[in-house]
$ cat work.txt   # compact mmCIF, C-alpha atoms
# COMPACT_ATOMS: atom_id res chain seq x y z
CA HIS A 1 0.00 0.00 0.00
CA ARG A 2 1.28 3.41 -0.94
CA SER A 3 -0.36 6.76 -0.32
CA ILE A 4 1.11 8.88 -3.08
CA HIS A 5 1.20 12.67 -2.91
CA PRO A 6 1.95 14.03 -6.39
CA SER A 7 4.50 16.86 -6.25
CA PRO A 8 3.84 19.38 -9.00
CA SER A 9 6.79 19.82 -11.27
CA SER A 10 7.16 22.06 -14.22
CA THR A 11 3.89 22.42 -16.06
CA THR A 12 3.28 19.44 -18.29
CA HIS A 13 1.86 20.22 -21.70
CA HIS A 14 0.14 17.18 -23.16
CA PRO A 15 -0.19 17.09 -26.93
CA PRO A 16 -3.70 16.87 -28.38
CA PHE A 17 -4.98 13.49 -27.31
CA THR A 18 -5.51 12.16 -30.80
CA GLN A 19 -2.36 10.24 -31.59
CA HIS A 20 -2.03 7.57 -28.93
CA HIS A 21 -2.50 4.06 -30.25
CA HIS A 22 -0.22 1.20 -30.98
CA ARG A 23 0.13 -1.74 -33.29
CA ILE A 24 -0.57 -5.15 -31.82
CA PRO A 25 -0.71 -8.67 -33.20
CA PRO A 26 -4.27 -9.78 -34.07
CA THR A 27 -4.23 -12.41 -31.31
CA MET A 28 -2.88 -10.19 -28.53
CA ILE A 29 -4.95 -9.68 -25.41
CA GLN A 30 -5.92 -6.05 -24.85
CA ARG A 31 -5.95 -4.55 -21.37
CA VAL A 32 -9.11 -2.96 -19.99
CA ALA A 33 -9.67 -0.61 -17.04
CA VAL A 34 -12.77 0.70 -15.26
CA ALA A 35 -12.75 4.28 -13.93
CA VAL A 36 -15.58 4.87 -11.45
CA GLY A 37 -16.87 8.35 -10.65
CA VAL A 38 -17.01 10.51 -13.80
CA SER A 39 -19.38 13.48 -13.63
CA ASN A 40 -17.80 15.97 -16.06
CA GLN A 41 -14.58 16.85 -17.88
CA ARG A 42 -12.88 17.95 -14.66
CA SER A 43 -13.46 14.68 -12.81
CA LEU A 44 -10.34 12.93 -11.57
CA ALA A 45 -11.80 9.67 -12.86
CA TRP A 46 -12.08 11.15 -16.35
CA HIS A 47 -8.49 12.36 -16.44
CA SER A 48 -7.39 9.04 -14.99
CA ALA A 49 -9.11 7.29 -17.90
CA LEU A 50 -7.40 9.56 -20.44
CA ALA A 51 -4.02 9.04 -18.80
CA LEU A 52 -4.46 5.26 -18.82
CA LEU A 53 -5.10 5.38 -22.55
CA ARG A 54 -2.32 7.86 -23.21
CA GLY A 55 0.37 5.21 -22.81
CA ASN A 56 0.66 1.72 -24.20
CA GLU A 57 -0.53 -0.20 -21.13
CA PHE A 58 -4.30 0.02 -21.72
CA ASP A 59 -6.49 -0.21 -24.80
CA HIS A 60 -10.05 0.25 -23.52
CA VAL A 61 -11.35 2.15 -20.49
CA ILE A 62 -14.94 2.00 -19.27
CA VAL A 63 -15.94 5.09 -17.29
CA THR A 64 -18.98 5.02 -15.02
CA TYR A 65 -21.37 7.76 -13.95
CA GLN A 66 -23.72 7.72 -11.00
CA SER A 67 -27.15 8.28 -12.53
CA GLU A 68 -29.15 9.35 -15.58
CA ARG A 69 -28.40 12.95 -14.61
CA PHE A 70 -24.87 12.50 -15.97
CA GLU A 71 -25.59 10.09 -18.81
CA ARG A 72 -25.83 12.69 -21.59
CA SER A 73 -22.82 14.80 -20.58
CA VAL A 74 -20.53 11.83 -19.95
CA GLY A 75 -21.74 10.12 -23.12
CA LYS A 76 -20.83 13.23 -25.10
CA LEU A 77 -17.32 13.28 -23.62
CA VAL A 78 -16.86 9.64 -24.58
CA GLU A 79 -18.18 10.12 -28.12
CA GLU A 80 -15.93 13.11 -28.78
CA GLN A 81 -12.85 11.30 -27.52
CA ASN A 82 -13.62 8.14 -29.48
CA ALA A 83 -14.01 10.24 -32.63
CA ALA A 84 -10.51 11.61 -32.03
CA PHE A 85 -9.19 8.07 -31.56
CA ARG A 86 -10.76 6.89 -34.82
CA LYS A 87 -9.40 9.86 -36.74
CA SER A 88 -5.93 9.19 -35.41
CA MET A 89 -6.16 5.49 -36.27
CA GLU A 90 -7.24 6.28 -39.83
CA SER A 91 -4.29 8.61 -40.26
CA THR A 92 -1.89 5.98 -38.95
CA CYS A 93 -3.34 3.25 -41.18
CA SER A 94 -2.97 5.57 -44.17
CA PHE A 95 0.64 6.30 -43.23
CA HIS A 96 1.55 2.61 -42.93
CA SER A 97 -0.24 1.80 -46.16
CA ASN A 98 1.66 4.50 -48.04
CA SER A 99 4.96 3.43 -46.49
CA ASN A 100 4.45 -0.18 -47.51
CA SER A 101 3.40 0.87 -50.99
CA ASN A 102 6.47 3.06 -51.45
CA SER A 103 8.78 0.28 -50.27
CA ASN A 104 7.04 -2.32 -52.47
CA SER A 105 6.46 -4.35 -49.31
CA THR A 106 3.89 -7.08 -49.08
CA GLY A 107 1.48 -7.25 -46.19
CA SER A 108 0.24 -3.66 -46.19
CA ALA A 109 -3.23 -4.91 -45.35
CA SER A 110 -1.99 -6.71 -42.28
CA ALA A 111 -0.15 -3.59 -41.16
CA GLY A 112 -3.33 -1.59 -41.32
CA ALA A 113 -5.30 -4.30 -39.58
CA SER A 114 -2.84 -4.42 -36.71
CA VAL A 115 -3.41 -0.79 -35.78
CA THR A 116 -5.94 -0.72 -32.98
CA ALA A 117 -7.58 2.50 -31.79
CA LYS A 118 -7.88 3.32 -28.14
CA ARG A 119 -11.47 3.19 -26.92
CA LEU A 120 -13.70 4.62 -24.20
CA SER A 121 -17.12 3.35 -23.15
CA SER A 122 -19.54 4.53 -20.46
CA LEU A 123 -21.90 2.69 -18.14
CA GLN A 124 -24.16 3.79 -15.29
CA LEU A 125 -23.16 2.72 -11.80
CA ASP A 126 -24.43 3.77 -8.37
CA VAL A 127 -21.81 2.36 -5.99
CA THR A 128 -24.27 2.42 -3.09
CA LYS A 129 -26.42 -0.20 -4.86
CA GLU A 130 -24.66 -3.53 -4.62
CA ASP A 131 -26.91 -5.14 -7.20
CA GLU A 132 -25.72 -2.56 -9.76
CA VAL A 133 -22.08 -3.24 -8.91
CA GLN A 134 -22.68 -6.98 -9.18
CA SER A 135 -24.45 -6.68 -12.54
CA LEU A 136 -21.65 -4.45 -13.84
CA PHE A 137 -18.96 -7.09 -13.39
CA GLU A 138 -21.07 -10.20 -13.96
CA GLU A 139 -23.24 -9.08 -16.86
CA ARG A 140 -22.89 -5.60 -18.35
CA LEU A 141 -19.10 -5.37 -18.53
CA PRO A 142 -18.55 -8.87 -19.99
CA SER A 143 -21.33 -8.22 -22.51
CA LEU A 144 -19.81 -4.89 -23.55
CA LEU A 145 -16.34 -6.36 -23.94
CA SER A 146 -17.67 -9.35 -25.84
CA SER A 147 -19.47 -7.13 -28.36
CA THR A 148 -16.39 -4.92 -28.67
CA SER A 149 -14.18 -7.96 -29.23
CA ASN A 150 -16.41 -9.18 -32.05
CA SER A 151 -16.11 -5.81 -33.79
CA ASN A 152 -12.36 -5.59 -33.14
CA ASN A 153 -11.02 -8.50 -35.20
CA GLY A 154 -11.64 -10.97 -32.39
CA HIS A 155 -9.14 -9.45 -29.96
CA GLU A 156 -9.44 -10.80 -26.43
CA PHE A 157 -9.98 -8.38 -23.56
CA GLU A 158 -9.01 -8.57 -19.89
CA LEU A 159 -9.84 -6.37 -16.93
CA ASN A 160 -6.59 -5.22 -15.32
CA ALA A 161 -7.36 -2.04 -13.38
CA ILE A 162 -10.07 -0.37 -11.29
CA VAL A 163 -9.96 3.35 -10.48
CA HIS A 164 -12.22 4.35 -7.55
CA SER A 165 -12.79 8.11 -7.50
CA VAL A 166 -15.98 8.46 -5.47
CA ALA A 167 -16.67 10.50 -2.34
CA TYR A 168 -19.77 12.14 -0.89
CA ALA A 169 -21.29 13.50 2.30
CA PRO A 170 -24.73 15.10 2.67
CA PRO A 171 -24.62 18.92 2.38
CA SER A 172 -26.01 19.21 5.90
CA ALA A 173 -22.91 17.48 7.24
CA MET A 174 -20.56 19.80 5.33
CA LYS A 175 -21.98 23.08 6.62
CA SER A 176 -19.60 24.99 8.87
CA SER A 177 -19.35 28.31 10.68
CA PRO A 178 -17.07 29.72 13.38
CA HIS A 179 -19.82 29.28 15.96
CA THR A 180 -20.76 25.65 15.25
CA LEU A 181 -19.18 22.27 15.89
CA PRO A 182 -20.11 20.48 12.64
CA LEU A 183 -18.38 17.16 13.25
CA LEU A 184 -19.73 16.93 16.80
CA HIS A 185 -23.27 17.44 15.54
CA THR A 186 -23.06 15.00 12.62
CA ASP A 187 -26.13 12.78 12.66
CA LEU A 188 -25.91 9.02 12.23
CA GLU A 189 -27.51 9.03 8.79
CA SER A 190 -24.96 11.51 7.41
CA PHE A 191 -22.13 9.52 8.99
CA GLU A 192 -23.31 6.29 7.40
CA ILE A 193 -23.84 7.88 3.98
CA ALA A 194 -20.38 9.46 3.94
CA HIS A 195 -18.66 6.21 4.91
CA SER A 196 -20.82 4.06 2.64
CA VAL A 197 -20.18 6.12 -0.49
CA SER A 198 -16.57 7.13 0.21
CA SER A 199 -15.18 3.98 1.83
CA TYR A 200 -17.39 0.89 1.76
CA SER A 201 -17.92 1.31 -1.98
CA LEU A 202 -14.27 0.33 -2.48
CA ILE A 203 -14.95 -2.99 -0.76
CA THR A 204 -18.04 -3.53 -2.90
CA LEU A 205 -16.10 -2.86 -6.11
CA ALA A 206 -13.18 -5.06 -5.08
CA LYS A 207 -15.46 -7.95 -4.11
CA HIS A 208 -17.36 -8.07 -7.37
CA ALA A 209 -14.41 -7.22 -9.62
CA LEU A 210 -12.20 -9.87 -7.99
CA PRO A 211 -13.12 -12.79 -10.29
CA LEU A 212 -12.28 -10.73 -13.39
CA LEU A 213 -9.13 -9.19 -11.92
CA SER A 214 -7.70 -12.32 -10.34
CA CYS A 215 -8.14 -14.56 -13.37
CA GLN A 216 -5.78 -12.32 -15.34
CA THR A 217 -2.71 -13.44 -13.37
CA GLN A 218 -3.00 -16.94 -14.80
CA THR A 219 -5.13 -18.47 -17.46
CA GLY A 220 -5.54 -21.86 -19.06
CA ILE A 221 -4.89 -22.66 -22.70
CA GLN A 222 -6.81 -25.57 -24.10
CA THR A 223 -4.50 -27.80 -26.12
CA GLY A 224 -6.28 -30.91 -27.36
CA THR A 225 -7.55 -32.68 -24.27
CA GLN A 226 -5.22 -30.97 -21.82
CA THR A 227 -5.26 -27.55 -20.22
CA GLN A 228 -1.96 -25.86 -19.53
CA ASN A 229 -1.56 -22.93 -17.15
CA HIS A 230 0.69 -20.11 -18.19
CA THR A 231 1.42 -16.65 -16.90
CA LEU A 232 0.26 -13.90 -19.21
CA ASN A 233 2.88 -11.66 -20.73
CA HIS A 234 1.87 -8.58 -18.75
CA THR A 235 4.29 -6.05 -17.38
CA ARG A 236 2.16 -5.46 -14.30
CA SER A 237 -0.28 -7.33 -12.11
CA PRO A 238 -3.90 -6.07 -11.79
CA SER A 239 -4.52 -2.99 -9.67
CA ILE A 240 -7.14 -1.07 -7.70
CA THR A 241 -6.47 2.64 -7.13
CA THR A 242 -8.49 5.13 -5.08
CA MET A 243 -8.34 8.82 -4.11
CA THR A 244 -7.78 10.07 -0.58
CA TYR A 245 -6.91 13.37 1.11
CA LEU A 246 -4.75 14.80 3.89
CA GLY A 247 -7.88 15.35 5.99
CA SER A 248 -7.75 11.66 6.84
CA THR A 249 -4.81 12.24 9.20
CA ARG A 250 -4.98 15.96 10.03
CA PRO A 251 -7.86 18.24 11.00
CA VAL A 252 -8.77 20.40 8.01
CA PRO A 253 -11.23 23.28 8.41
CA ASN A 254 -14.65 22.54 6.89
CA TYR A 255 -13.72 18.97 5.92
CA ASN A 256 -15.91 17.68 8.74
CA ILE A 257 -17.18 14.10 8.40
CA MET A 258 -15.16 13.52 5.24
CA GLY A 259 -12.00 13.35 7.34
CA SER A 260 -13.11 10.20 9.10
CA ALA A 261 -14.53 8.81 5.85
CA LYS A 262 -11.14 9.17 4.15
CA ALA A 263 -9.41 7.64 7.18
CA SER A 264 -11.77 4.70 6.83
CA LEU A 265 -10.95 4.51 3.12
CA GLU A 266 -7.20 4.39 3.79
CA ALA A 267 -7.63 1.67 6.41
CA THR A 268 -9.70 -0.24 3.86
CA VAL A 269 -6.90 0.10 1.29
CA ARG A 270 -4.38 -1.34 3.73
CA GLY A 271 -6.68 -4.21 4.64
CA LEU A 272 -7.51 -5.06 1.03
CA ALA A 273 -3.83 -4.89 0.11
CA TYR A 274 -3.05 -7.35 2.90
CA GLU A 275 -5.70 -9.78 1.64
CA LEU A 276 -5.48 -9.40 -2.13
CA SER A 277 -1.82 -8.65 -2.87
CA PRO A 278 -0.44 -12.17 -2.23
CA PRO A 279 -0.96 -14.90 -4.86
CA PRO A 280 -3.20 -16.18 -6.25
CA HIS A 281 -4.81 -12.75 -6.64
CA SER A 282 -1.65 -10.62 -6.89
CA ILE A 283 -3.67 -7.40 -6.97
CA ARG A 284 -1.96 -4.13 -6.08
CA ILE A 285 -4.06 -1.69 -4.00
CA ASN A 286 -3.01 1.98 -3.76
CA ALA A 287 -4.38 5.31 -2.54
CA ILE A 288 -3.39 8.61 -4.13
CA SER A 289 -3.59 11.87 -2.17
CA PRO A 290 -3.45 14.73 -4.70
CA GLY A 291 -4.41 17.62 -2.44
CA PRO A 292 -7.20 20.11 -3.21
CA VAL A 293 -8.27 20.01 -6.85
CA HIS A 294 -11.21 21.84 -8.42
CA THR A 295 -13.79 19.12 -9.07
CA LEU A 296 -17.55 18.79 -8.65
CA ALA A 297 -17.04 17.04 -5.31
CA ALA A 298 -14.83 19.88 -4.07
CA ARG A 299 -17.74 22.29 -4.35
CA GLY A 300 -19.28 20.63 -1.31
CA ILE A 301 -16.47 21.93 0.93
CA LYS A 302 -17.12 25.39 2.33
CA ASP A 303 -14.50 28.00 1.41
CA PHE A 304 -12.73 25.49 -0.80
CA GLY A 305 -11.23 28.33 -2.84
CA THR A 306 -9.54 29.70 0.28
CA LEU A 307 -8.21 26.27 1.19
CA LYS A 308 -6.77 25.73 -2.27
CA HIS A 309 -5.20 29.20 -2.31
CA GLN A 310 -3.46 28.51 0.99
CA VAL A 311 -2.09 25.21 -0.31
CA ASP A 312 -0.91 26.84 -3.53
CA GLU A 313 0.91 29.57 -1.59
CA ARG A 314 2.73 26.99 0.54
CA SER A 315 3.95 25.15 -2.55
CA LEU A 316 7.43 26.07 -3.75
CA LEU A 317 5.97 26.32 -7.24
CA LYS A 318 3.11 28.47 -5.93
CA ARG A 319 0.51 26.18 -7.44
CA GLY A 320 -1.20 22.89 -6.75
CA VAL A 321 -1.41 19.83 -8.95
CA THR A 322 -3.60 19.73 -12.04
CA VAL A 323 -6.19 17.11 -12.90
CA GLN A 324 -3.92 15.95 -15.73
CA GLU A 325 -1.06 15.37 -13.29
CA VAL A 326 -3.29 13.39 -10.97
CA GLY A 327 -4.34 11.24 -13.92
CA ASP A 328 -0.69 10.63 -14.77
CA VAL A 329 -0.01 9.37 -11.25
CA VAL A 330 -2.97 7.00 -11.50
CA ALA A 331 -1.61 5.65 -14.78
CA PHE A 332 1.81 5.21 -13.15
CA VAL A 333 0.51 2.94 -10.37
CA ALA A 334 -2.28 1.21 -12.34
$ encode --input "work.txt" --output "structure tokens"
Amino acid sequence: HRSIHPSPSSTTHHPPFTQHHHRIPPTMIQRVAVAVGVSNQRSLAWHSALALLRGNEFDHVIVTYQSERFERSVGKLVEEQNAAFRKSMESTCSFHSNSNSNSNSTGSASAGASVTAKRLSSLQLDVTKEDEVQSLFEERLPSLLSSTSNSNNGHEFELNAIVHSVAYAPPSAMKSSPHTLPLLHTDLESFEIAHSVSSYSLITLAKHALPLLSCQTQTGIQTGTQTQNHTLNHTRSPSITTMTYLGSTRPVPNYNIMGSAKASLEATVRGLAYELSPPPHSIRINAISPGPVHTLAARGIKDFGTLKHQVDERSLLKRGVTVQEVGDVVAFVA
């Protein structure tokens, strides 16, 4: 278990995200990730998904949104990004085709066929409803990947990473003033909601994703009447990554009940790492603590702008981390 605090370095300028794809053999297994908690283009889960696809480790990321309220906006983000992926793939196929033609090489068709575009998909998921989580990993996700495989030259897909970027507390529990004691007056319902959404949801995801994640460490190949086990040629074992915050270990003004919820989340990460890291599962569990970042969830913290300004001023670079940098750290540990 590692709690990683990204240190902002010189500003990273990412090129337009339209050129990241790679050539793979037709029979190669493509790696899939699920990023839970996308609400808009500033969501840490969204930028985690983009960062995962930016490199060569992952080919397909499924992002999830909480309810129908976000279906249209998240769906639009996914469609626009997939259009960019397709355009980039077409340009690359054209380049390889021209190169092979100019060199009088045979097999230009196979070169074009071996270029595989990165891909995003979106599915609805309320992490507080265990039946939805169960159906995601037992029915909806396998069905989606199966249909994608059939339209992708029969490439096999495997789930190798889960990104958990979900946190919530009722607005009533996040209200603060100099003359109140908000944590002391937190009611039981607000306490349970904050811990259920922000912490227990990680357990729910891990439990139902486990069969798909664990089976990627070893698989059987049917050869005649015998089945042989072999280790897949992956550079990394499967992973589960979540987002935490300094308020889990230090009192932070206006963070209220979320401090104990994040402490619970970090304890959950350590416990899951203890249980799931050893073989046969070999799953890495990590928590990333990026500091205050402007997201939809951050709006629920009173005077968040003041808090972020104070953190920025204490930084030697006089700024905090960006959502893109947080996504890069997720991709590093995933």
$ residues_around --input "work.txt" --residues "region 37-39 of chain A" --least-positions-apart "5" --cutoff "8 Å" --atoms "only C-alpha atoms" --output "list in words"
Leu44, Ala45, Trp46, Val63, Thr64, Tyr65, Gln66, Phe70, Ser73, Val74, His164, Ser165, Val166 and Leu296 of chain A
$ closest_residue --input "work.txt" --among "A:Ile29, A:Leu136, A:Ala161, A:Val329" --to "Arg236 (chain A)" --atoms "all atoms listed in the file"
A:Ala161
$ closest_residue --input "work.txt" --among "A:Ser135, A:Thr322, A:Thr295, A:Ser91" --to "Arg42 (chain A)" --atoms "all atoms listed in the file"
A:Thr295
$ closest_residue --input "work.txt" --among "A:Pro142, A:Pro290, A:Gly55, A:Pro238" --to "Ala273 (chain A)" --atoms "all atoms listed in the file"
A:Pro238
$ closest_residue --input "work.txt" --among "A:Arg72, A:His179, A:His195, A:Arg54" --to "Arg119 (chain A)" --atoms "all atoms listed in the file"
A:Arg54
$ atom_distance --input "work.txt" --atom1 "CA of Phe332 (chain A)" --atom2 "CA of Leu53 (chain A)"
11.7 Å
$ residues_around --input "work.txt" --residues "Phe157 (chain A)" --least-positions-apart "3" --cutoff "9 Å" --atoms "all atoms listed in the file" --output "list in words"
Met28, Ile29, Gln30, Arg31, Val32, Asp59, His60, Leu145, Ser146, Thr148 and Ser149 of chain A
$ decode --input "work.txt" --residues "region 184-212 of chain A" --atoms "N, CA, C and O atoms" --output "JSON list (two decimals), in the first residue's frame"
[["chain", "number", "residue", "atom", "x", "y", "z"],
["A", 184, "LEU", "N", -19.07, 17.37, 15.57],
["A", 184, "LEU", "CA", -19.73, 16.93, 16.80],
["A", 184, "LEU", "C", -21.22, 16.72, 16.61],
["A", 184, "LEU", "O", -21.81, 15.82, 17.22],
["A", 185, "HIS", "N", -21.82, 17.52, 15.74],
["A", 185, "HIS", "CA", -23.27, 17.44, 15.54],
["A", 185, "HIS", "C", -23.65, 16.66, 14.28],
["A", 185, "HIS", "O", -24.77, 16.78, 13.78],
["A", 186, "THR", "N", -22.73, 15.86, 13.76],
["A", 186, "THR", "CA", -23.06, 15.00, 12.62],
["A", 186, "THR", "C", -24.06, 13.94, 13.05],
["A", 186, "THR", "O", -23.84, 13.23, 14.04],
["A", 187, "ASP", "N", -25.15, 13.81, 12.32],
["A", 187, "ASP", "CA", -26.13, 12.78, 12.66],
["A", 187, "ASP", "C", -25.71, 11.43, 12.09],
["A", 187, "ASP", "O", -24.86, 11.34, 11.18],
["A", 188, "LEU", "N", -26.29, 10.38, 12.60],
["A", 188, "LEU", "CA", -25.91, 9.02, 12.23],
["A", 188, "LEU", "C", -26.13, 8.76, 10.75],
["A", 188, "LEU", "O", -25.29, 8.12, 10.09],
["A", 189, "GLU", "N", -27.22, 9.27, 10.21],
["A", 189, "GLU", "CA", -27.51, 9.03, 8.79],
["A", 189, "GLU", "C", -26.43, 9.63, 7.90],
["A", 189, "GLU", "O", -25.95, 8.98, 6.95],
["A", 190, "SER", "N", -26.01, 10.86, 8.20],
["A", 190, "SER", "CA", -24.96, 11.51, 7.41],
["A", 190, "SER", "C", -23.64, 10.75, 7.54],
["A", 190, "SER", "O", -22.90, 10.61, 6.56],
["A", 191, "PHE", "N", -23.35, 10.29, 8.75],
["A", 191, "PHE", "CA", -22.13, 9.52, 8.99],
["A", 191, "PHE", "C", -22.12, 8.26, 8.13],
["A", 191, "PHE", "O", -21.13, 7.93, 7.47],
["A", 192, "GLU", "N", -23.23, 7.55, 8.14],
["A", 192, "GLU", "CA", -23.31, 6.29, 7.40],
["A", 192, "GLU", "C", -23.24, 6.51, 5.89],
["A", 192, "GLU", "O", -22.60, 5.74, 5.17],
["A", 193, "ILE", "N", -23.87, 7.59, 5.42],
["A", 193, "ILE", "CA", -23.84, 7.88, 3.98],
["A", 193, "ILE", "C", -22.42, 8.21, 3.54],
["A", 193, "ILE", "O", -21.92, 7.69, 2.53],
["A", 194, "ALA", "N", -21.74, 9.07, 4.30],
["A", 194, "ALA", "CA", -20.38, 9.46, 3.94],
["A", 194, "ALA", "C", -19.44, 8.26, 3.89],
["A", 194, "ALA", "O", -18.63, 8.12, 2.96],
["A", 195, "HIS", "N", -19.54, 7.38, 4.87],
["A", 195, "HIS", "CA", -18.66, 6.21, 4.91],
["A", 195, "HIS", "C", -19.07, 5.15, 3.88],
["A", 195, "HIS", "O", -18.21, 4.47, 3.33],
["A", 196, "SER", "N", -20.35, 5.04, 3.62],
["A", 196, "SER", "CA", -20.82, 4.06, 2.64],
["A", 196, "SER", "C", -20.35, 4.42, 1.24],
["A", 196, "SER", "O", -19.80, 3.58, 0.50],
["A", 197, "VAL", "N", -20.55, 5.69, 0.86],
["A", 197, "VAL", "CA", -20.18, 6.12, -0.49],
["A", 197, "VAL", "C", -18.67, 6.21, -0.64],
["A", 197, "VAL", "O", -18.09, 5.76, -1.63],
["A", 198, "SER", "N", -17.99, 6.80, 0.34],
["A", 198, "SER", "CA", -16.57, 7.13, 0.21],
["A", 198, "SER", "C", -15.63, 5.98, 0.54],
["A", 198, "SER", "O", -14.50, 5.95, 0.06],
["A", 199, "SER", "N", -16.07, 5.04, 1.38],
["A", 199, "SER", "CA", -15.18, 3.98, 1.83],
["A", 199, "SER", "C", -15.69, 2.58, 1.50],
["A", 199, "SER", "O", -15.01, 1.80, 0.84],
["A", 200, "TYR", "N", -16.89, 2.25, 1.96],
["A", 200, "TYR", "CA", -17.39, 0.89, 1.76],
["A", 200, "TYR", "C", -17.54, 0.55, 0.28],
["A", 200, "TYR", "O", -17.40, -0.62, -0.11],
["A", 201, "SER", "N", -17.77, 1.56, -0.55],
["A", 201, "SER", "CA", -17.92, 1.31, -1.98],
["A", 201, "SER", "C", -16.66, 0.67, -2.57],
["A", 201, "SER", "O", -16.73, -0.07, -3.56],
["A", 202, "LEU", "N", -15.50, 0.96, -1.99],
["A", 202, "LEU", "CA", -14.27, 0.33, -2.48],
["A", 202, "LEU", "C", -14.30, -1.17, -2.23],
["A", 202, "LEU", "O", -13.86, -1.97, -3.06],
["A", 203, "ILE", "N", -14.82, -1.57, -1.07],
["A", 203, "ILE", "CA", -14.95, -2.99, -0.76],
["A", 203, "ILE", "C", -15.92, -3.65, -1.74],
["A", 203, "ILE", "O", -15.67, -4.74, -2.26],
["A", 204, "THR", "N", -17.04, -2.98, -1.98],
["A", 204, "THR", "CA", -18.04, -3.53, -2.90],
["A", 204, "THR", "C", -17.45, -3.73, -4.29],
["A", 204, "THR", "O", -17.65, -4.79, -4.92],
["A", 205, "LEU", "N", -16.72, -2.74, -4.79],
["A", 205, "LEU", "CA", -16.10, -2.86, -6.11],
["A", 205, "LEU", "C", -15.08, -3.99, -6.15],
["A", 205, "LEU", "O", -15.06, -4.80, -7.08],
["A", 206, "ALA", "N", -14.23, -4.04, -5.12],
["A", 206, "ALA", "CA", -13.18, -5.06, -5.08],
["A", 206, "ALA", "C", -13.79, -6.46, -5.04],
["A", 206, "ALA", "O", -13.31, -7.38, -5.71],
["A", 207, "LYS", "N", -14.84, -6.63, -4.25],
["A", 207, "LYS", "CA", -15.46, -7.95, -4.11],
["A", 207, "LYS", "C", -16.02, -8.47, -5.43],
["A", 207, "LYS", "O", -15.80, -9.63, -5.79],
["A", 208, "HIS", "N", -16.72, -7.61, -6.15],
["A", 208, "HIS", "CA", -17.36, -8.07, -7.37],
["A", 208, "HIS", "C", -16.44, -8.05, -8.58],
["A", 208, "HIS", "O", -16.69, -8.76, -9.56],
["A", 209, "ALA", "N", -15.38, -7.24, -8.52],
["A", 209, "ALA", "CA", -14.41, -7.22, -9.62],
["A", 209, "ALA", "C", -13.37, -8.33, -9.48],
["A", 209, "ALA", "O", -12.68, -8.66, -10.45],
["A", 210, "LEU", "N", -13.25, -8.90, -8.28],
["A", 210, "LEU", "CA", -12.20, -9.87, -7.99],
["A", 210, "LEU", "C", -12.12, -11.02, -8.99],
["A", 210, "LEU", "O", -11.02, -11.36, -9.45],
["A", 211, "PRO", "N", -13.23, -11.67, -9.35],
["A", 211, "PRO", "CA", -13.12, -12.79, -10.29],
["A", 211, "PRO", "C", -12.50, -12.38, -11.63],
["A", 211, "PRO", "O", -11.72, -13.15, -12.21],
["A", 212, "LEU", "N", -12.83, -11.19, -12.11],
["A", 212, "LEU", "CA", -12.28, -10.73, -13.39],
["A", 212, "LEU", "C", -10.84, -10.28, -13.25],
["A", 212, "LEU", "O", -10.03, -10.48, -14.16]]
